[in-house]
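Student: Mind having a look at this structure? Questions to follow.
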Amino acid sequence: MIYPGLAKIAKQMAASGRIIRGISSLIYRKGTGSNNNLFNKLSASSTTFFRNQTTDTTPTIRKNDAVSTSSLMDFGLYVAECMPKYVQKVQIVTGNELEVLIAPDGIVPVLQFLKDHHQCQFASLADIGAMDVPSRENRFEVIYNLLSLRFNSRIRVKSYTDELTPVDSSYEVFKAADWYEREVWDMYGVFFANHPDLRRILTDYGFEGHPFRKDFPLTGYVEVRYDDEAKRVVVEPVELAQEFRKFDLSSPWETFPNFRAVSAGTEEDKTKAT
Amino acid sequence: MDKSSMTILNEETSGGLLINSYSRVGFRLNNGMMAFGPIAIFPKSILSWNVQSAEDINEDSLSLFYTLEPKIDILVIGIGDPDQKVSHNIIKYMKDKKINLEISTTERACATFNFLNVEGRCVAGALIPPTKYRINEDDILSTQRQNRKLMTVDEYQII
């Protein structure tokens with residue numbers, strides 16, 4: 001085949017049934033410019049024919065086709081095979097996002113692998129975030145989002161730690177990790193070992209506490225105001241004039257009756273027992 | 001038509017003391033003064049601080065900062081070199097006295113003190129001169145200009 005890329009695209013389109021629509025639109029476009037009546041008749045009839053035939057009830061929601069999802073899962077399993085010591089689980093969430101769950105000792109090796117390996121080339125660190133789940137023993141989950149420009153794909157690397165255990169800094173792998181790790185330190189209190197300059201980045205200079213933790217209240221502990229007598233800004237414990245109202249955002253009436261059957265879960269593939 | 005204007009904050013001495021530069025021996029302030037050795041610097045005044053190194057920073061050596069009125073909000077501590085160790089119980093000790101600490105290397109502590117002072121916050125600095133730091137061409141030239149030695153050629157380099 002001279003154009004293997006085209007064959008692949010055609011295969012994918014056939015798999016999702018889009019090729020029929022593609023041909024009909026192609027014919028239609030040719031038909032409007034030409035004076036070939038036969039083409040015009042064909043195009044008019046074909047488009048109306050297929051418009052009545054469509055069973056697509058949610059055209060505005062992107063469909064995840066099974067081919068790309070399975071190739072993504074294959075790639076995730078490949079990564080797991082290449083780094084068996086650290087990778088604990090591979091999963092696909094929300095249809096098309098690949099996640100690799102690793103042990104905290106393996107953060108720098110796995111990120112280095114994903115950046116340098118020829119079949120991965122995730123050279124861009126999009127974000128580092130964290131998540132606090134207080135019920136777990138290792139309450140913080142550190143999340144690295146990587147982007148591959150060469151292959152136009154994203155991957156998420158997740159690891160875990162608790163309040164006291166430091167995590168290796170990925171500054172040598174990605175320079176962009178500098179400020180992201182400072183933000184995670186400031187907001188959650190996750191210490192990054194070997195970071196060149198780990199200090200607060202978003203909170204005020206004398207601020208105590210790590211605001212994104214689940215046990216840190218929404219309004220905080222202190223409030224600042226300008227005291228006219230002392231002619232300076234004073235820091236005082238927070239006082240709310242009204243009792244804090246917590247809204248229960250789930251309503252007693254069902255809001256999405258069309259989505260009763262759809263589950264928002266993840267498609268998992270356990271490489272090892274976790 | 002409004003013209004754009006620029007003011008260099010360090011050249012305004014009325015707003016408060018700012019640190020212009022630092023070296024192995026001391027600090028040069030924006031009012032022309034030069035202070036040798038570790039300093040305790042306040043919004044409008046400066047004192048010499050009696051510590052040998054970062055290990056000597058303890059409750060006694062920091063006692064000056066919490067006995068003053070008006071009470072300062074933030075104490076910026078410059079520990080000198082990045083590898084100096086500071087005892088961690090001073091953080092808790094100062095928190096009991098309601099003073100927040102910002103502990104970092106002296107290079108960063110000078111900058112932090114400068115812009116906190118310019119903002120008008122009640123800040124004090126406890127700074128120890130660093131022994132190791134990076135210099136670039138601009139630093140060498142401005143030092144020579146300070147010492148009025150721009151036109152002379154020394155046989156040995158200024159380090």
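For the structure tokens, the naming scheme is as follows: chains receive sequential letters (A, B, ...) according to their order of presentation, residues are indexed from 1 within each chain, and ligands are indexed from 1 in presentation order.
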For the strand (DSSP E or B) assignment from backbone DSSP, which residues of segment 75-131 of chain B qualify? Please present them as a PyMOL selection string.

Tutor: chain B and resi 75-78+100-104+123-127

Student: Store the residues picked out above, limited to all heavy atoms, as a compact mmCIF listing (two decimals), in the first residue's frame.

Tutor:
```txt
# COMPACT_ATOMS: atom_id res chain seq x y z
N LEU B 75 9.73 37.84 60.35
CA LEU B 75 11.17 37.91 60.53
C LEU B 75 11.81 37.11 59.39
O LEU B 75 11.55 35.93 59.23
CB LEU B 75 11.57 37.31 61.87
CG LEU B 75 13.06 37.22 62.15
CD1 LEU B 75 13.68 38.59 62.15
CD2 LEU B 75 13.30 36.56 63.50
N VAL B 76 12.62 37.80 58.61
CA VAL B 76 13.29 37.15 57.48
C VAL B 76 14.70 36.78 57.93
O VAL B 76 15.48 37.65 58.29
CB VAL B 76 13.35 38.11 56.27
CG1 VAL B 76 14.10 37.47 55.13
CG2 VAL B 76 11.96 38.50 55.84
N ILE B 77 14.99 35.51 57.94
CA ILE B 77 16.31 35.06 58.41
C ILE B 77 17.12 34.62 57.20
O ILE B 77 16.67 33.79 56.41
CB ILE B 77 16.16 33.89 59.40
CG1 ILE B 77 15.45 34.38 60.66
CG2 ILE B 77 17.53 33.35 59.77
CD1 ILE B 77 15.39 33.36 61.75
N GLY B 78 18.31 35.19 57.06
CA GLY B 78 19.23 34.77 56.00
C GLY B 78 20.35 33.98 56.64
O GLY B 78 21.12 34.51 57.42
N ASN B 100 6.05 35.37 62.46
CA ASN B 100 6.21 34.39 61.40
C ASN B 100 7.63 34.44 60.86
O ASN B 100 8.24 35.49 60.75
CB ASN B 100 5.24 34.70 60.27
CG ASN B 100 3.81 34.52 60.71
OD1 ASN B 100 3.48 33.53 61.34
ND2 ASN B 100 2.97 35.48 60.40
N LEU B 101 8.15 33.28 60.51
CA LEU B 101 9.53 33.20 60.05
C LEU B 101 9.59 32.89 58.57
O LEU B 101 8.78 32.14 58.05
CB LEU B 101 10.27 32.09 60.79
CG LEU B 101 10.71 32.32 62.22
CD1 LEU B 101 11.52 31.14 62.67
CD2 LEU B 101 11.56 33.56 62.31
N GLU B 102 10.58 33.46 57.90
CA GLU B 102 10.90 33.05 56.54
C GLU B 102 12.38 32.74 56.53
O GLU B 102 13.20 33.65 56.55
CB GLU B 102 10.64 34.19 55.55
CG GLU B 102 9.25 34.31 55.03
CD GLU B 102 8.90 33.23 54.02
OE1 GLU B 102 9.75 32.89 53.19
OE2 GLU B 102 7.78 32.76 54.09
N ILE B 103 12.74 31.49 56.51
CA ILE B 103 14.15 31.13 56.57
C ILE B 103 14.62 30.76 55.18
O ILE B 103 14.00 29.93 54.50
CB ILE B 103 14.37 29.95 57.53
CG1 ILE B 103 13.80 30.29 58.89
CG2 ILE B 103 15.84 29.63 57.65
CD1 ILE B 103 13.92 29.20 59.89
N SER B 104 15.68 31.40 54.70
CA SER B 104 16.23 31.05 53.38
C SER B 104 17.69 31.47 53.34
O SER B 104 18.23 31.95 54.33
CB SER B 104 15.42 31.72 52.28
OG SER B 104 15.42 33.11 52.45
N VAL B 123 8.38 44.25 59.02
CA VAL B 123 9.27 43.13 58.79
C VAL B 123 10.63 43.47 59.37
O VAL B 123 11.04 44.62 59.43
CB VAL B 123 9.37 42.84 57.27
CG1 VAL B 123 9.84 44.05 56.52
CG2 VAL B 123 10.26 41.66 56.99
N ALA B 124 11.33 42.46 59.85
CA ALA B 124 12.70 42.63 60.29
C ALA B 124 13.53 41.55 59.63
O ALA B 124 13.03 40.50 59.27
CB ALA B 124 12.80 42.53 61.82
N GLY B 125 14.82 41.85 59.49
CA GLY B 125 15.71 40.88 58.86
C GLY B 125 16.84 40.52 59.76
O GLY B 125 17.43 41.39 60.43
N ALA B 126 17.16 39.25 59.82
CA ALA B 126 18.33 38.78 60.56
C ALA B 126 19.22 38.10 59.53
O ALA B 126 18.96 36.97 59.13
CB ALA B 126 17.91 37.80 61.65
N LEU B 127 20.27 38.80 59.10
CA LEU B 127 21.01 38.33 57.93
C LEU B 127 22.47 38.07 58.27
O LEU B 127 23.12 38.90 58.90
CB LEU B 127 20.93 39.37 56.80
CG LEU B 127 19.51 39.78 56.43
CD1 LEU B 127 19.53 41.02 55.57
CD2 LEU B 127 18.83 38.66 55.69
```

Student: Please identify the alpha helix (DSSP H) residues within segment 11-257 of chain A (assignment by DSSP from backbone atoms) and present them as a PyMOL selection string.

Tutor: chain A and resi 11-16+18-33+37-53+66-82+107-116+177-188

Student: Let me make sure I understand: among A:Glu208, A:Asp65, A:Asp132, A:Glu254, which one has the smallest atom-to-atom distance to chain B if we use only C-alpha atoms?

Tutor: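 Distance minimum relative to chain B lands on A:Glu208.
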
Student: Find the residue from A:Ile128, A:Ile92, A:Val87, A:Met187 that sits nearest to Arg199 of chain A; use only C-alpha atoms when measuring.

Tutor: A:Met187

Student: Could you please tell me, as a ChimeraX atom specification, which residues of chain B have an atom within 12 Å of chain A when using only C-alpha atoms?

Tutor: /B:69-76,82-83,91-92,94-95,98-105,108-109,112-113,115-116,119-123

Student: So that I can check the surroundings of segment 80-83 of chain A, please list as a ChimeraX atom specification every protein, DNA and RNA residue that reaches within 12 Å of it, counting only C-alpha atoms and ignoring chain neighbours fewer than 2 positions away.

Tutor: /A:73-78,85-91,99-103,106-114,117,119-120,157,269-272
